[in-house]
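So this block is entry.cif, mmCIF, C-alpha atoms; chains and numbers go by the auth columns:
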data_run
#
loop_
_atom_site.group_PDB
_atom_site.id
_atom_site.type_symbol
_atom_site.label_atom_id
_atom_site.label_comp_id
_atom_site.label_asym_id
_atom_site.label_seq_id
_atom_site.Cartn_x
_atom_site.Cartn_y
_atom_site.Cartn_z
_atom_site.B_iso_or_equiv
_atom_site.auth_seq_id
_atom_site.auth_asym_id
ATOM 1 C CA MET A 1 34.093 43.969 -45.208 0.00 294 A
ATOM 2 C CA THR A 2 31.363 41.382 -45.780 0.00 295 A
ATOM 3 C CA ALA A 3 29.945 39.094 -43.122 0.00 296 A
ATOM 4 C CA GLY A 4 31.909 36.144 -44.543 0.00 297 A
ATOM 5 C CA GLU A 5 35.213 37.947 -44.104 0.00 298 A
ATOM 6 C CA ASP A 6 34.921 38.593 -40.387 0.00 299 A
ATOM 7 C CA THR A 7 33.912 35.058 -39.392 0.00 300 A
ATOM 8 C CA PHE A 8 35.635 31.709 -39.604 0.00 301 A
ATOM 9 C CA GLN A 9 34.660 28.106 -38.904 0.00 302 A
ATOM 10 C CA VAL A 10 36.007 25.731 -36.306 0.00 303 A
ATOM 11 C CA VAL A 11 35.434 22.078 -35.476 0.00 304 A
ATOM 12 C CA VAL A 12 34.456 21.895 -31.807 0.00 305 A
ATOM 13 C CA PHE A 13 35.348 18.785 -29.807 0.00 306 A
ATOM 14 C CA VAL A 14 35.335 17.693 -26.190 0.00 307 A
ATOM 15 C CA VAL A 15 38.272 16.412 -24.156 0.00 308 A
ATOM 16 C CA GLY A 16 37.847 15.785 -20.434 0.00 309 A
ATOM 17 C CA GLY A 17 34.581 17.717 -20.279 0.00 310 A
ATOM 18 C CA HIS A 18 36.167 20.837 -21.825 0.00 311 A
ATOM 19 C CA GLU A 19 35.412 22.282 -25.248 0.00 312 A
ATOM 20 C CA PHE A 20 38.275 22.815 -27.668 0.00 313 A
ATOM 21 C CA ALA A 21 38.387 23.627 -31.372 0.00 314 A
ATOM 22 C CA PHE A 22 40.620 23.461 -34.419 0.00 315 A
ATOM 23 C CA ASP A 23 40.270 25.743 -37.418 0.00 316 A
ATOM 24 C CA ILE A 24 38.169 23.810 -39.925 0.00 317 A
ATOM 25 C CA PHE A 25 40.861 24.224 -42.589 0.00 318 A
ATOM 26 C CA ARG A 26 43.262 22.166 -40.424 0.00 319 A
ATOM 27 C CA VAL A 27 40.848 19.232 -39.978 0.00 320 A
ATOM 28 C CA GLN A 28 41.306 16.639 -42.725 0.00 321 A
ATOM 29 C CA ARG A 29 39.112 13.831 -41.385 0.00 322 A
ATOM 30 C CA ILE A 30 36.951 12.890 -38.416 0.00 323 A
ATOM 31 C CA LEU A 31 37.167 9.131 -37.896 0.00 324 A
ATOM 32 C CA MET A 32 35.308 6.709 -35.658 0.00 325 A
ATOM 33 C CA TYR A 33 37.792 5.544 -33.051 0.00 326 A
ATOM 34 C CA ARG A 34 39.806 2.480 -33.888 0.00 327 A
ATOM 35 C CA ARG A 35 42.758 1.299 -31.862 0.00 328 A
ATOM 36 C CA PRO A 36 46.071 2.512 -33.294 0.00 329 A
ATOM 37 C CA ALA A 37 48.962 0.068 -33.666 0.00 330 A
ATOM 38 C CA ALA A 38 51.319 0.534 -30.727 0.00 331 A
ATOM 39 C CA VAL A 39 54.798 1.921 -31.354 0.00 332 A
ATOM 40 C CA PRO A 40 57.519 0.626 -28.983 0.00 333 A
ATOM 41 C CA GLY A 41 59.435 3.345 -27.162 0.00 334 A
ATOM 42 C CA ALA A 42 56.822 6.015 -27.889 0.00 335 A
ATOM 43 C CA PRO A 43 56.036 8.865 -25.485 0.00 336 A
ATOM 44 C CA ALA A 44 53.022 8.149 -23.228 0.00 337 A
ATOM 45 C CA PHE A 45 50.716 10.506 -25.156 0.00 338 A
ATOM 46 C CA LEU A 46 51.428 8.761 -28.497 0.00 339 A
ATOM 47 C CA GLU A 47 48.765 6.059 -28.779 0.00 340 A
ATOM 48 C CA GLY A 48 50.347 4.589 -31.892 0.00 341 A
ATOM 49 C CA VAL A 49 49.858 4.842 -35.638 0.00 342 A
ATOM 50 C CA LEU A 50 46.918 4.346 -37.991 0.00 343 A
ATOM 51 C CA GLN A 51 46.719 3.615 -41.676 0.00 344 A
ATOM 52 C CA VAL A 52 44.732 6.498 -43.225 0.00 345 A
ATOM 53 C CA GLU A 53 44.277 6.658 -46.985 0.00 346 A
ATOM 54 C CA GLY A 54 47.470 4.773 -47.761 0.00 347 A
ATOM 55 C CA GLY A 55 49.641 6.687 -45.288 0.00 348 A
ATOM 56 C CA VAL A 56 50.658 6.125 -41.682 0.00 349 A
ATOM 57 C CA VAL A 57 49.441 8.784 -39.243 0.00 350 A
ATOM 58 C CA PRO A 58 50.692 9.145 -35.656 0.00 351 A
ATOM 59 C CA VAL A 59 47.828 9.315 -33.147 0.00 352 A
ATOM 60 C CA ILE A 60 48.116 11.291 -29.927 0.00 353 A
ATOM 61 C CA ASP A 61 45.705 11.153 -27.002 0.00 354 A
ATOM 62 C CA LEU A 62 44.784 14.736 -26.124 0.00 355 A
ATOM 63 C CA ARG A 63 43.726 13.704 -22.595 0.00 356 A
ATOM 64 C CA LYS A 64 47.252 12.473 -21.929 0.00 357 A
ATOM 65 C CA ARG A 65 48.782 15.394 -23.824 0.00 358 A
ATOM 66 C CA PHE A 66 46.910 17.910 -21.678 0.00 359 A
ATOM 67 C CA GLU A 67 47.396 15.827 -18.497 0.00 360 A
ATOM 68 C CA LEU A 68 43.659 15.330 -17.978 0.00 361 A
ATOM 69 C CA GLU A 69 42.050 12.423 -16.156 0.00 362 A
ATOM 70 C CA HIS A 70 41.896 9.154 -18.111 0.00 363 A
ATOM 71 C CA ALA A 71 38.524 8.037 -19.461 0.00 364 A
ATOM 72 C CA PRO A 72 37.563 4.851 -21.275 0.00 365 A
ATOM 73 C CA ILE A 73 37.007 4.847 -25.027 0.00 366 A
ATOM 74 C CA GLY A 74 33.291 5.343 -25.628 0.00 367 A
ATOM 75 C CA PRO A 75 30.876 5.326 -28.561 0.00 368 A
ATOM 76 C CA ASP A 76 31.455 9.054 -29.185 0.00 369 A
ATOM 77 C CA THR A 77 35.271 8.836 -29.145 0.00 370 A
ATOM 78 C CA ARG A 78 36.736 10.109 -32.397 0.00 371 A
ATOM 79 C CA ILE A 79 40.104 10.618 -34.024 0.00 372 A
ATOM 80 C CA LEU A 80 40.496 14.028 -35.641 0.00 373 A
ATOM 81 C CA VAL A 81 43.128 13.912 -38.365 0.00 374 A
ATOM 82 C CA VAL A 82 44.615 17.394 -38.575 0.00 375 A
ATOM 83 C CA GLU A 83 47.282 19.083 -40.660 0.00 376 A
ATOM 84 C CA ALA A 84 50.163 20.142 -38.438 0.00 377 A
ATOM 85 C CA ASP A 85 53.002 21.877 -40.281 0.00 378 A
ATOM 86 C CA GLY A 86 52.575 19.814 -43.427 0.00 379 A
ATOM 87 C CA ALA A 87 52.141 16.472 -41.654 0.00 380 A
ATOM 88 C CA SER A 88 48.961 14.652 -40.685 0.00 381 A
ATOM 89 C CA VAL A 89 48.459 13.882 -36.995 0.00 382 A
ATOM 90 C CA GLY A 90 45.537 12.056 -35.396 0.00 383 A
ATOM 91 C CA ALA A 91 44.112 13.348 -32.116 0.00 384 A
ATOM 92 C CA VAL A 92 41.938 11.161 -29.909 0.00 385 A
ATOM 93 C CA VAL A 93 39.029 13.203 -28.508 0.00 386 A
ATOM 94 C CA ASP A 94 36.014 12.276 -26.376 0.00 387 A
ATOM 95 C CA GLY A 95 33.674 13.509 -29.091 0.00 388 A
ATOM 96 C CA ALA A 96 33.403 15.930 -32.004 0.00 389 A
ATOM 97 C CA SER A 97 30.347 18.056 -31.328 0.00 390 A
ATOM 98 C CA GLU A 98 29.861 20.589 -34.131 0.00 391 A
ATOM 99 C CA VAL A 99 31.146 22.929 -36.786 0.00 392 A
ATOM 100 C CA LEU A 100 30.769 26.447 -35.465 0.00 393 A
ATOM 101 C CA ARG A 101 30.899 29.765 -37.303 0.00 394 A
ATOM 102 C CA VAL A 102 32.766 32.206 -35.075 0.00 395 A
ATOM 103 C CA PRO A 103 32.870 36.005 -35.383 0.00 396 A
ATOM 104 C CA ALA A 104 36.510 37.149 -35.405 0.00 397 A
ATOM 105 C CA ASP A 105 35.822 39.546 -32.540 0.00 398 A
ATOM 106 C CA ALA A 106 34.715 36.611 -30.329 0.00 399 A
ATOM 107 C CA VAL A 107 38.319 35.344 -30.186 0.00 400 A
ATOM 108 C CA ALA A 108 40.679 36.749 -27.575 0.00 401 A
ATOM 109 C CA PRO A 109 44.368 35.963 -27.178 0.00 402 A
ATOM 110 C CA PRO A 110 45.187 33.521 -24.382 0.00 403 A
ATOM 111 C CA PRO A 111 45.576 35.244 -21.013 0.00 404 A
ATOM 112 C CA PRO A 112 49.141 35.873 -19.774 0.00 405 A
ATOM 113 C CA VAL A 113 48.751 33.215 -17.055 0.00 406 A
ATOM 114 C CA VAL A 114 48.709 30.497 -19.765 0.00 407 A
ATOM 115 C CA ARG A 115 52.278 29.179 -19.902 0.00 408 A
ATOM 116 C CA GLY A 116 54.332 26.247 -21.148 0.00 409 A
ATOM 117 C CA LEU A 117 52.746 23.789 -23.587 0.00 410 A
ATOM 118 C CA ALA A 118 49.398 25.547 -23.226 0.00 411 A
ATOM 119 C CA ALA A 119 50.847 28.886 -24.290 0.00 412 A
ATOM 120 C CA ALA A 120 52.363 27.295 -27.380 0.00 413 A
ATOM 121 C CA CYS A 121 49.286 25.406 -28.534 0.00 414 A
ATOM 122 C CA VAL A 122 46.473 27.750 -27.469 0.00 415 A
ATOM 123 C CA GLN A 123 45.724 30.056 -30.380 0.00 416 A
ATOM 124 C CA GLY A 124 42.914 31.901 -28.642 0.00 417 A
ATOM 125 C CA ILE A 125 39.845 31.798 -26.436 0.00 418 A
ATOM 126 C CA ILE A 126 36.439 31.864 -28.128 0.00 419 A
ATOM 127 C CA THR A 127 33.716 33.408 -25.994 0.00 420 A
ATOM 128 C CA LEU A 128 30.115 33.142 -27.160 0.00 421 A
ATOM 129 C CA ALA A 129 27.344 34.036 -24.673 0.00 422 A
ATOM 130 C CA ALA A 130 27.960 31.745 -21.666 0.00 423 A
ATOM 131 C CA ARG A 131 30.222 29.408 -23.630 0.00 424 A
ATOM 132 C CA THR A 132 34.023 29.309 -23.726 0.00 425 A
ATOM 133 C CA VAL A 133 35.926 27.233 -26.288 0.00 426 A
ATOM 134 C CA VAL A 134 39.720 26.970 -26.359 0.00 427 A
ATOM 135 C CA LEU A 135 40.994 27.379 -29.932 0.00 428 A
ATOM 136 C CA LEU A 136 44.064 25.200 -30.474 0.00 429 A
ATOM 137 C CA ASN A 137 46.854 25.679 -32.984 0.00 430 A
ATOM 138 C CA ALA A 138 47.119 22.226 -34.612 0.00 431 A
ATOM 139 C CA ALA A 139 50.724 22.863 -35.637 0.00 432 A
ATOM 140 C CA ARG A 140 51.747 23.415 -32.015 0.00 433 A
ATOM 141 C CA VAL A 141 50.058 20.527 -30.196 0.00 434 A
ATOM 142 C CA LEU A 142 53.483 18.879 -30.328 0.00 435 A
ATOM 143 C CA THR A 143 56.713 20.705 -29.547 0.00 436 A
ATOM 144 C CA SER A 144 59.400 20.640 -32.236 0.00 437 A
ATOM 145 C CA SER A 145 61.464 18.039 -30.330 0.00 438 A
ATOM 146 C CA GLU A 146 58.365 15.858 -29.794 0.00 439 A
ATOM 147 C CA ARG A 147 57.508 16.184 -33.487 0.00 440 A
ATOM 148 C CA VAL A 148 60.986 14.859 -34.403 0.00 441 A
ATOM 149 C CA VAL A 149 60.543 11.838 -32.096 0.00 442 A
ATOM 150 C CA VAL A 150 57.011 11.150 -33.384 0.00 443 A
ATOM 151 C CA GLU A 151 58.131 11.444 -37.033 0.00 444 A
ATOM 152 C CA ARG A 152 61.036 9.059 -36.418 0.00 445 A
ATOM 153 C CA LEU A 153 58.832 6.498 -34.665 0.00 446 A
ATOM 154 C CA THR A 154 56.138 6.807 -37.346 0.00 447 A
ATOM 155 C CA ALA A 155 58.714 6.279 -40.117 0.00 448 A
ATOM 156 C CA GLU A 156 60.064 3.228 -38.303 0.00 449 A
ATOM 157 C CA ALA A 157 56.533 1.815 -37.930 0.00 450 A
ATOM 158 C CA GLU A 158 55.767 2.489 -41.604 0.00 451 A
ATOM 159 C CA HIS A 159 58.948 0.924 -42.954 0.00 452 A
ATOM 160 C CA GLY A 160 59.213 -1.938 -40.494 0.00 453 A
#
Translate this structure into structure tokens?
Amino acid sequence: MTAGEDTFQVVVFVVGGHEFAFDIFRVQRILMYRRPAAVPGAPAFLEGVLQVEGGVVPVIDLRKRFELEHAPIGPDTRILVVEADGASVGAVVDGASEVLRVPADAVAPPPPVVRGLAAACVQGIITLAARTVVLLNAARVLTSSERVVVERLTAEAEHG
């Protein structure tokens, strides 16, 4: 096995002072924050929708999604547009910090104490020296029932 085969790359970002990552192959765009258009009747974590390259993308706030303390939008706030089960979803993050090459053996499965939404969306725990990064599964940041609601609201926003 060559060195390239036992490593992978992730996009590291910060939410609520914690480091998270998505597999780089799931990240389609990193955008400067711009306010999404509100969608009436949307769940609290759905900030709204954005026009991205001719399509409408739902935007979720990961602070709200993970029930972290609210923080104001700052100059480093970004929207990561990720591929989640064939659909694009925007995720508001406090900042995107780096692309990191990770050895496969630095990723451990989530501990058994991780339950609920966290268990579904946490793909693994990356441990490098004194640093811990939570690797998220982009396809599971929303539950299947939430995905249906978000898709319906996004379609309604797109088609008026």
Listed atoms of segment 311-329 of chain A boxed axis-aligned with 3 Å per side, centre + edges as lines of an AutoDock Vina configuration file:
center_x = 40.7
center_y = 13.5
center_z = -32.3
size_x = 16.8
size_y = 30.4
size_z = 26.9
Could you tell me which residues the PyMOL selection byres ((chain A and resi 313-323) around 6) grabs in this file, written as a list of chain:residue names?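 The output of the PyMOL selection byres ((chain A and resi 313-323) around 6) on this file is A:Gln302, A:Val303, A:Val304, A:Val305, A:Phe306, A:Glu312, A:Leu324, A:Ile372, A:Leu373, A:Val374, A:Val375, A:Glu376, A:Val426, A:Val427, A:Leu428, A:Leu429.
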Report the closest atom pair, with its distance in Å rounded to one decimal, for each residue of segment 402-434 of chain A that has an atom no farther than 10 Å from segment 438-450 of chain A; count all atoms listed in the file, sort by chain and then rising residue number, and write it as CSV.
residue,atom,partner,partner_atom,distance
A:Ala432,CA,A:Arg440,CA,9.8
A:Arg433,CA,A:Arg440,CA,9.4
A:Val434,CA,A:Arg440,CA,9.2
Taking the file above as input, evaluate the PyMOL selection byres ((chain A and resi 350) around 8) and report the hits as a PDB file with C-alpha atoms, in the frame of the given file.
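See selection_20.pdb below for the written result:
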ATOM      1  CA  VAL A 342      49.858   4.842 -35.638  1.00  0.00           C
ATOM      2  CA  LEU A 343      46.918   4.346 -37.991  1.00  0.00           C
ATOM      3  CA  GLN A 344      46.719   3.615 -41.676  1.00  0.00           C
ATOM      4  CA  VAL A 345      44.732   6.498 -43.225  1.00  0.00           C
ATOM      5  CA  GLY A 348      49.641   6.687 -45.288  1.00  0.00           C
ATOM      6  CA  VAL A 349      50.658   6.125 -41.682  1.00  0.00           C
ATOM      7  CA  PRO A 351      50.692   9.145 -35.656  1.00  0.00           C
ATOM      8  CA  VAL A 352      47.828   9.315 -33.147  1.00  0.00           C
ATOM      9  CA  SER A 381      48.961  14.652 -40.685  1.00  0.00           C
ATOM     10  CA  VAL A 382      48.459  13.882 -36.995  1.00  0.00           C
ATOM     11  CA  GLY A 383      45.537  12.056 -35.396  1.00  0.00           C
ATOM     12  CA  THR A 447      56.138   6.807 -37.346  1.00  0.00           C
TER      13      THR A 447
END
So which residues get picked by the PyMOL selection byres ((chain A and resi 389) around 7) here, written as a list in words?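 Taken on the displayed file, the PyMOL selection byres ((chain A and resi 389) around 7) yields the residues Val305, Phe306, Val307, Arg371, Gly388, Ser390 and Glu391 of chain A.
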Looking at A:Val406, A:Glu451, A:Arg358, A:Val400, which one is nearest to Arg424 of chain A, with distances taken over all atoms listed in the file?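 When distances to Arg424 of chain A are compared using all atoms listed in the file, the smallest one comes from A:Val400.
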Could you tell me how far atom CA of Ala431 of chain A lies from atom CA of Cys414 of chain A, in Å and to one decimal?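 Separation between atom CA of Ala431 of chain A and atom CA of Cys414 of chain A: 7.2 Å.
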Which is closest to His363 of chain A among A:Ala397, A:Val385, A:Met325, A:Ala380, if we use all atoms listed in the file? A:Val385
Any idea what the distance is between atom CA of Lys357 of chain A and atom CA of Phe338 of chain A? 5.1 Å
State, in Å with one decimal place, the distance from atom CA of Ile366 of chain A to atom CA of Leu435 of chain A.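 Interatomic distance here is 22.3 Å.
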Near-Pro365 of chain A list (12 Å; all atoms listed in the file; drop same-chain fewer than 3 positions) as an MDAnalysis selection string: chainID A and resid 308:309 326 354 356 362 368:370 385:387
